[in-house]
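Next comes upload_24.cif, with mmCIF, C-alpha atoms and all ligand atoms.
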data_run
loop_
_atom_site.group_PDB
_atom_site.id
_atom_site.type_symbol
_atom_site.label_atom_id
_atom_site.label_comp_id
_atom_site.auth_asym_id
_atom_site.auth_seq_id
_atom_site.Cartn_x
_atom_site.Cartn_y
_atom_site.Cartn_z
ATOM 1 C CA MET A 128 -60.717 -41.100 59.429
ATOM 2 C CA GLN A 129 -57.471 -39.638 58.201
ATOM 3 C CA GLU A 130 -57.073 -39.737 54.424
ATOM 4 C CA LYS A 131 -54.459 -42.235 53.258
ATOM 5 C CA ARG A 132 -51.487 -40.822 51.436
ATOM 6 C CA ASP A 133 -49.420 -42.308 48.659
ATOM 7 C CA ILE A 134 -46.095 -44.148 48.926
ATOM 8 C CA GLU A 135 -43.562 -41.334 48.767
ATOM 9 C CA ASN A 136 -40.151 -42.563 49.820
ATOM 10 C CA ARG A 137 -37.977 -45.384 51.155
ATOM 11 C CA GLU A 138 -39.358 -44.991 54.671
ATOM 12 C CA ASP A 139 -42.875 -45.589 53.344
ATOM 13 C CA ILE A 140 -41.639 -48.647 51.476
ATOM 14 C CA ALA A 141 -39.939 -49.916 54.632
ATOM 15 C CA GLN A 142 -43.159 -49.493 56.593
ATOM 16 C CA LEU A 143 -45.115 -51.376 53.925
ATOM 17 C CA ILE A 144 -42.616 -54.213 53.530
ATOM 18 C CA ARG A 145 -42.085 -54.708 57.269
ATOM 19 C CA ALA A 146 -45.822 -55.083 57.824
ATOM 20 C CA PHE A 147 -46.130 -57.385 54.795
ATOM 21 C CA TYR A 148 -43.350 -59.612 56.136
ATOM 22 C CA THR A 149 -44.944 -59.761 59.579
ATOM 23 C CA HIS A 150 -48.061 -61.210 57.980
ATOM 24 C CA ALA A 151 -46.300 -63.337 55.352
ATOM 25 C CA MET A 152 -44.018 -64.991 57.887
ATOM 26 C CA GLN A 153 -46.957 -65.938 60.097
ATOM 27 C CA ASP A 154 -49.110 -67.123 57.221
ATOM 28 C CA GLU A 155 -50.077 -70.787 57.387
ATOM 29 C CA LEU A 156 -49.639 -71.288 53.638
ATOM 30 C CA ILE A 157 -46.461 -69.352 52.799
ATOM 31 C CA GLY A 158 -44.876 -68.606 56.189
ATOM 32 C CA THR A 159 -42.517 -71.560 56.166
ATOM 33 C CA PHE A 160 -40.824 -70.414 52.931
ATOM 34 C CA PHE A 161 -39.448 -67.512 54.912
ATOM 35 C CA THR A 162 -38.980 -69.101 58.318
ATOM 36 C CA GLU A 163 -37.794 -72.601 57.381
ATOM 37 C CA VAL A 164 -37.128 -73.145 53.679
ATOM 38 C CA ALA A 165 -34.940 -70.050 53.255
ATOM 39 C CA ALA A 166 -34.685 -69.319 56.991
ATOM 40 C CA ILE A 167 -34.091 -65.682 56.174
ATOM 41 C CA ASN A 168 -32.191 -63.282 58.349
ATOM 42 C CA LEU A 169 -34.698 -60.423 58.416
ATOM 43 C CA GLU A 170 -32.135 -57.743 59.164
ATOM 44 C CA GLU A 171 -30.238 -58.669 56.029
ATOM 45 C CA HIS A 172 -33.241 -59.477 53.876
ATOM 46 C CA LEU A 173 -35.482 -56.469 54.509
ATOM 47 C CA PRO A 174 -33.087 -53.797 53.206
ATOM 48 C CA ILE A 175 -32.774 -55.824 49.978
ATOM 49 C CA MET A 176 -36.545 -55.720 49.660
ATOM 50 C CA TYR A 177 -36.545 -51.969 50.260
ATOM 51 C CA ASP A 178 -33.909 -51.599 47.515
ATOM 52 C CA PHE A 179 -35.991 -53.724 45.163
ATOM 53 C CA TRP A 180 -39.197 -51.738 45.637
ATOM 54 C CA GLU A 181 -37.436 -48.385 45.727
ATOM 55 C CA ASN A 182 -35.872 -49.226 42.402
ATOM 56 C CA LEU A 183 -39.180 -50.359 40.900
ATOM 57 C CA LEU A 184 -41.225 -47.422 42.117
ATOM 58 C CA PHE A 185 -38.668 -44.587 42.121
ATOM 59 C CA HIS A 186 -36.039 -45.854 39.637
ATOM 60 C CA THR A 187 -33.192 -45.433 42.085
ATOM 61 C CA GLY A 188 -30.970 -48.123 40.572
ATOM 62 C CA SER A 189 -30.693 -49.550 44.062
ATOM 63 C CA TYR A 190 -31.383 -53.192 43.234
ATOM 64 C CA TYR A 191 -28.896 -55.219 41.254
ATOM 65 C CA GLY A 192 -30.920 -58.349 40.543
ATOM 66 C CA GLY A 193 -30.628 -61.985 41.387
ATOM 67 C CA MET A 194 -34.240 -62.275 42.407
ATOM 68 C CA MET A 195 -35.018 -65.191 40.112
ATOM 69 C CA GLN A 196 -32.051 -67.202 41.309
ATOM 70 C CA LYS A 197 -33.266 -66.909 44.907
ATOM 71 C CA HIS A 198 -36.729 -68.129 44.014
ATOM 72 C CA ILE A 199 -35.415 -70.954 41.843
ATOM 73 C CA ARG A 200 -33.425 -72.106 44.834
ATOM 74 C CA LEU A 201 -36.512 -71.883 47.053
ATOM 75 C CA HIS A 202 -38.597 -73.738 44.485
ATOM 76 C CA GLN A 203 -36.030 -76.529 44.420
ATOM 77 C CA LYS A 204 -36.356 -76.969 48.153
ATOM 78 C CA LYS A 205 -40.128 -76.632 48.331
ATOM 79 C CA LEU A 206 -42.373 -76.157 45.296
ATOM 80 C CA LEU A 207 -43.653 -72.614 44.854
ATOM 81 C CA GLU A 208 -47.134 -73.184 43.491
ATOM 82 C CA SER A 209 -50.047 -71.058 42.257
ATOM 83 C CA GLN A 210 -51.736 -71.048 45.638
ATOM 84 C CA HIS A 211 -48.554 -69.662 47.222
ATOM 85 C CA PHE A 212 -48.299 -66.849 44.683
ATOM 86 C CA ALA A 213 -51.999 -66.079 45.106
ATOM 87 C CA ARG A 214 -51.558 -65.769 48.867
ATOM 88 C CA TRP A 215 -48.366 -63.691 48.521
ATOM 89 C CA LEU A 216 -50.216 -61.273 46.254
ATOM 90 C CA GLU A 217 -53.270 -61.169 48.474
ATOM 91 C CA LEU A 218 -51.173 -60.264 51.516
ATOM 92 C CA PHE A 219 -49.127 -57.720 49.582
ATOM 93 C CA GLU A 220 -52.117 -55.962 48.054
ATOM 94 C CA ARG A 221 -53.984 -55.973 51.345
ATOM 95 C CA GLU A 222 -51.051 -54.288 53.072
ATOM 96 C CA VAL A 223 -50.653 -51.672 50.331
ATOM 97 C CA ASP A 224 -54.369 -50.843 50.589
ATOM 98 C CA ARG A 225 -54.306 -50.814 54.372
ATOM 99 C CA GLN A 226 -51.549 -48.209 54.479
ATOM 100 C CA PHE A 227 -51.584 -46.209 51.254
ATOM 101 C CA ALA A 228 -53.662 -44.868 48.382
ATOM 102 C CA GLY A 229 -52.588 -43.163 45.166
ATOM 103 C CA PRO A 230 -50.846 -43.758 41.842
ATOM 104 C CA VAL A 231 -47.628 -45.143 43.347
ATOM 105 C CA ALA A 232 -49.592 -47.511 45.586
ATOM 106 C CA GLU A 233 -51.488 -48.661 42.475
ATOM 107 C CA GLU A 234 -48.209 -49.049 40.607
ATOM 108 C CA ALA A 235 -46.820 -51.238 43.409
ATOM 109 C CA LYS A 236 -49.810 -53.577 43.161
ATOM 110 C CA THR A 237 -49.679 -53.628 39.369
ATOM 111 C CA ARG A 238 -45.972 -54.467 39.387
ATOM 112 C CA ALA A 239 -46.503 -57.258 41.916
ATOM 113 C CA ARG A 240 -49.396 -58.649 39.843
ATOM 114 C CA THR A 241 -47.201 -58.622 36.743
ATOM 115 C CA ILE A 242 -44.055 -60.031 38.330
ATOM 116 C CA ALA A 243 -45.742 -62.888 40.228
ATOM 117 C CA PRO A 244 -47.092 -64.784 37.166
ATOM 118 C CA SER A 245 -43.942 -64.162 35.142
ATOM 119 C CA MET A 246 -41.885 -65.518 38.038
ATOM 120 C CA GLN A 247 -44.162 -68.529 38.176
ATOM 121 C CA GLU A 248 -43.737 -69.139 34.432
ATOM 122 C CA LYS A 249 -39.963 -68.884 34.701
ATOM 123 C CA LEU A 250 -39.909 -71.292 37.633
ATOM 124 C CA LYS A 251 -41.626 -73.907 35.473
ATOM 125 C CA ARG A 252 -38.933 -73.526 32.845
ATOM 126 C CA PHE A 253 -35.966 -73.483 35.181
ATOM 127 C CA TYR A 254 -37.102 -76.157 37.540
ATOM 128 C CA LEU A 255 -34.414 -78.746 38.137
ATOM 129 C CA PRO A 256 -34.902 -81.081 41.070
ATOM 130 C CA MET A 257 -32.083 -81.111 43.582
ATOM 131 C CA THR A 258 -30.184 -84.345 43.613
ATOM 132 C CA ARG A 259 -30.130 -84.361 47.378
HETATM 133 C C1 LIG A 301 -45.015 -67.547 46.519
HETATM 134 C C2 LIG A 301 -44.553 -66.305 46.509
HETATM 135 C C3 LIG A 301 -43.245 -65.897 47.119
HETATM 136 C C4 LIG A 301 -42.575 -66.422 48.199
HETATM 137 C C5 LIG A 301 -43.005 -67.545 49.122
HETATM 138 C C6 LIG A 301 -41.342 -65.677 48.317
HETATM 139 C C7 LIG A 301 -40.386 -65.886 49.279
HETATM 140 C C8 LIG A 301 -39.145 -65.314 49.292
HETATM 141 C C9 LIG A 301 -38.060 -65.671 50.172
HETATM 142 C C10 LIG A 301 -38.124 -66.753 51.254
HETATM 143 C C11 LIG A 301 -37.000 -64.923 49.851
HETATM 144 C C12 LIG A 301 -35.594 -64.967 50.471
HETATM 145 C C13 LIG A 301 -34.736 -65.918 49.661
HETATM 146 C C14 LIG A 301 -33.301 -65.967 50.150
HETATM 147 O O1 LIG A 301 -32.750 -64.943 50.555
HETATM 148 O O2 LIG A 301 -32.713 -67.064 50.080
HETATM 149 C C15 LIG A 301 -37.419 -64.042 48.772
HETATM 150 C C16 LIG A 301 -36.618 -63.085 48.196
HETATM 151 C C17 LIG A 301 -37.103 -62.099 47.381
HETATM 152 N N1 LIG A 301 -38.370 -62.020 46.872
HETATM 153 FE FE1 LIG A 301 -39.818 -63.385 47.068
HETATM 154 N N2 LIG A 301 -41.285 -64.723 47.332
HETATM 155 C C18 LIG A 301 -42.428 -64.808 46.591
HETATM 156 C C19 LIG A 301 -42.791 -64.000 45.540
HETATM 157 C C20 LIG A 301 -42.175 -62.829 45.232
HETATM 158 C C21 LIG A 301 -42.682 -61.833 44.314
HETATM 159 C C22 LIG A 301 -44.001 -61.937 43.541
HETATM 160 C C23 LIG A 301 -41.767 -60.815 44.291
HETATM 161 C C24 LIG A 301 -41.770 -59.528 43.536
HETATM 162 C C25 LIG A 301 -42.867 -58.851 43.239
HETATM 163 C C26 LIG A 301 -40.686 -61.186 45.189
HETATM 164 C C27 LIG A 301 -39.565 -60.436 45.432
HETATM 165 C C28 LIG A 301 -38.458 -60.886 46.113
HETATM 166 C C29 LIG A 301 -37.173 -60.192 46.142
HETATM 167 C C30 LIG A 301 -36.812 -58.875 45.452
HETATM 168 C C31 LIG A 301 -36.320 -60.969 46.928
HETATM 169 C C32 LIG A 301 -34.859 -60.649 47.293
HETATM 170 C C33 LIG A 301 -33.922 -61.364 46.318
HETATM 171 C C34 LIG A 301 -32.468 -61.024 46.645
HETATM 172 O O3 LIG A 301 -31.986 -61.424 47.711
HETATM 173 O O4 LIG A 301 -31.843 -60.339 45.814
HETATM 174 N N3 LIG A 301 -40.974 -62.411 45.740
HETATM 175 N N4 LIG A 301 -38.711 -64.314 48.454
#
Transcribe the structure of this file into structure tokens.
Ligand code: HEM
Amino acid sequence: MQEKRDIENREDIAQLIRAFYTHAMQDELIGTFFTEVAAINLEEHLPIMYDFWENLLFHTGSYYGGMMQKHIRLHQKKLLESQHFARWLELFEREVDRQFAGPVAEEAKTRARTIAPSMQEKLKRFYLPMTR
């Protein structure tokens, strides 16, 4: 078997994120957040995700924020709960491991594992039910 290499550039990130989204969008537990609750336009959404991860892993300054706001909005439409975060992380880590190995791949998983619970904590604080 060919040895896996590490995440090296934006193209690698794109490959990782595209595969992750293929699985996440079909997932029975979290799929509908993407396909129905936010009904994302993949062509617009994916490059934002590449920017986000490129900035995290390679400090490119390519992501300008607003991530929390998007998830607060989602959470107001359909509760984002622990089980959803657990599945998100499971799918993300599985995809990283399937495609890559090395310090940057480890960093990606560590960052995801750190961000997910902090996002969850913030959602509890910011939660305001929609009036309609
Ligand atoms: C239960 C777990 C999660 C679900 C179901 C979820 C779902 C989504 C959806 C549907 C969007 C698109 C929202 C929109 O454009 O209106 C989104 C955006 C995003 N998500 Fe998540 N997400 C989850 C956790 C995470 C985690 C843990 C991270 C980071 C490690 C993350 C990073 C992002 C980023 C960077 C965006 C783009 C925000 C922007 O447009 O600027 N998400 N997420």
Hey, what comes out of the PyMOL selection byres (((chain A and resi 156) around 12) and not hetatm) on this file? Could you write it as a PyMOL selection string? chain A and resi 150-155+157-162+207-215+217-218
Selection under test: the PyMOL selection byres (((chain A and resi 190) around 10) and not hetatm); residues as a list in words: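 Selected by the PyMOL selection byres (((chain A and resi 190) around 10) and not hetatm) in this file: Ile175, Met176, Tyr177, Asp178, Phe179, Trp180, Glu181, Asn182, Leu183, His186, Thr187, Gly188, Ser189, Tyr191, Gly192, Gly193 and Met194 of chain A.
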Hey, what's within 12 Å of Thr237 (chain A) if we count all atoms listed in the file and toss same-chain stuff fewer than 3 positions away? As a compact mmCIF listing (two decimals) with C-alpha atoms, keeping the file's coordinate frame, please?
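So the final result, stored in part.txt, reads:
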# COMPACT_ATOMS: atom_id res chain seq x y z
CA LEU A 183 -39.18 -50.36 40.90
CA LEU A 184 -41.22 -47.42 42.12
CA LEU A 216 -50.22 -61.27 46.25
CA PHE A 219 -49.13 -57.72 49.58
CA GLU A 220 -52.12 -55.96 48.05
CA VAL A 223 -50.65 -51.67 50.33
CA PRO A 230 -50.85 -43.76 41.84
CA VAL A 231 -47.63 -45.14 43.35
CA ALA A 232 -49.59 -47.51 45.59
CA GLU A 233 -51.49 -48.66 42.48
CA GLU A 234 -48.21 -49.05 40.61
CA ARG A 240 -49.40 -58.65 39.84
CA THR A 241 -47.20 -58.62 36.74
CA ILE A 242 -44.06 -60.03 38.33
CA ALA A 243 -45.74 -62.89 40.23
CA PRO A 244 -47.09 -64.78 37.17
For Val164 (chain A), which of A:Ala228, A:Met246, A:Lys197, A:Lys236 is the closest residue, counting all atoms listed in the file? A:Lys197
How big is the axis-aligned box around all listed atoms of region 208-226 of chain A once 5 Å goes on each side, and where's its centre, in Å to one decimal, as lines of an AutoDock Vina configuration file?
center_x = -50.8
center_y = -60.7
center_z = 48.4
size_x = 17.2
size_y = 35.0
size_z = 22.2
Shell of 12 Å around Lys131 (chain A), all atoms listed in the file, local chain residues under 3 positions omitted, as a ChimeraX atom specification: /A:128,134-135,223-229,232
Point-to-point distance in Å for atom C7 of ligand LIG 301 (chain A) and CA of Ala166 (chain A):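 Separating CA of Ala166 (chain A) from atom C7 of ligand LIG 301 (chain A) is a distance of 10.2 Å.
Separating atom C34 of ligand LIG 301 (chain A) from CA of Arg145 (chain A) is a distance of 15.7 Å.
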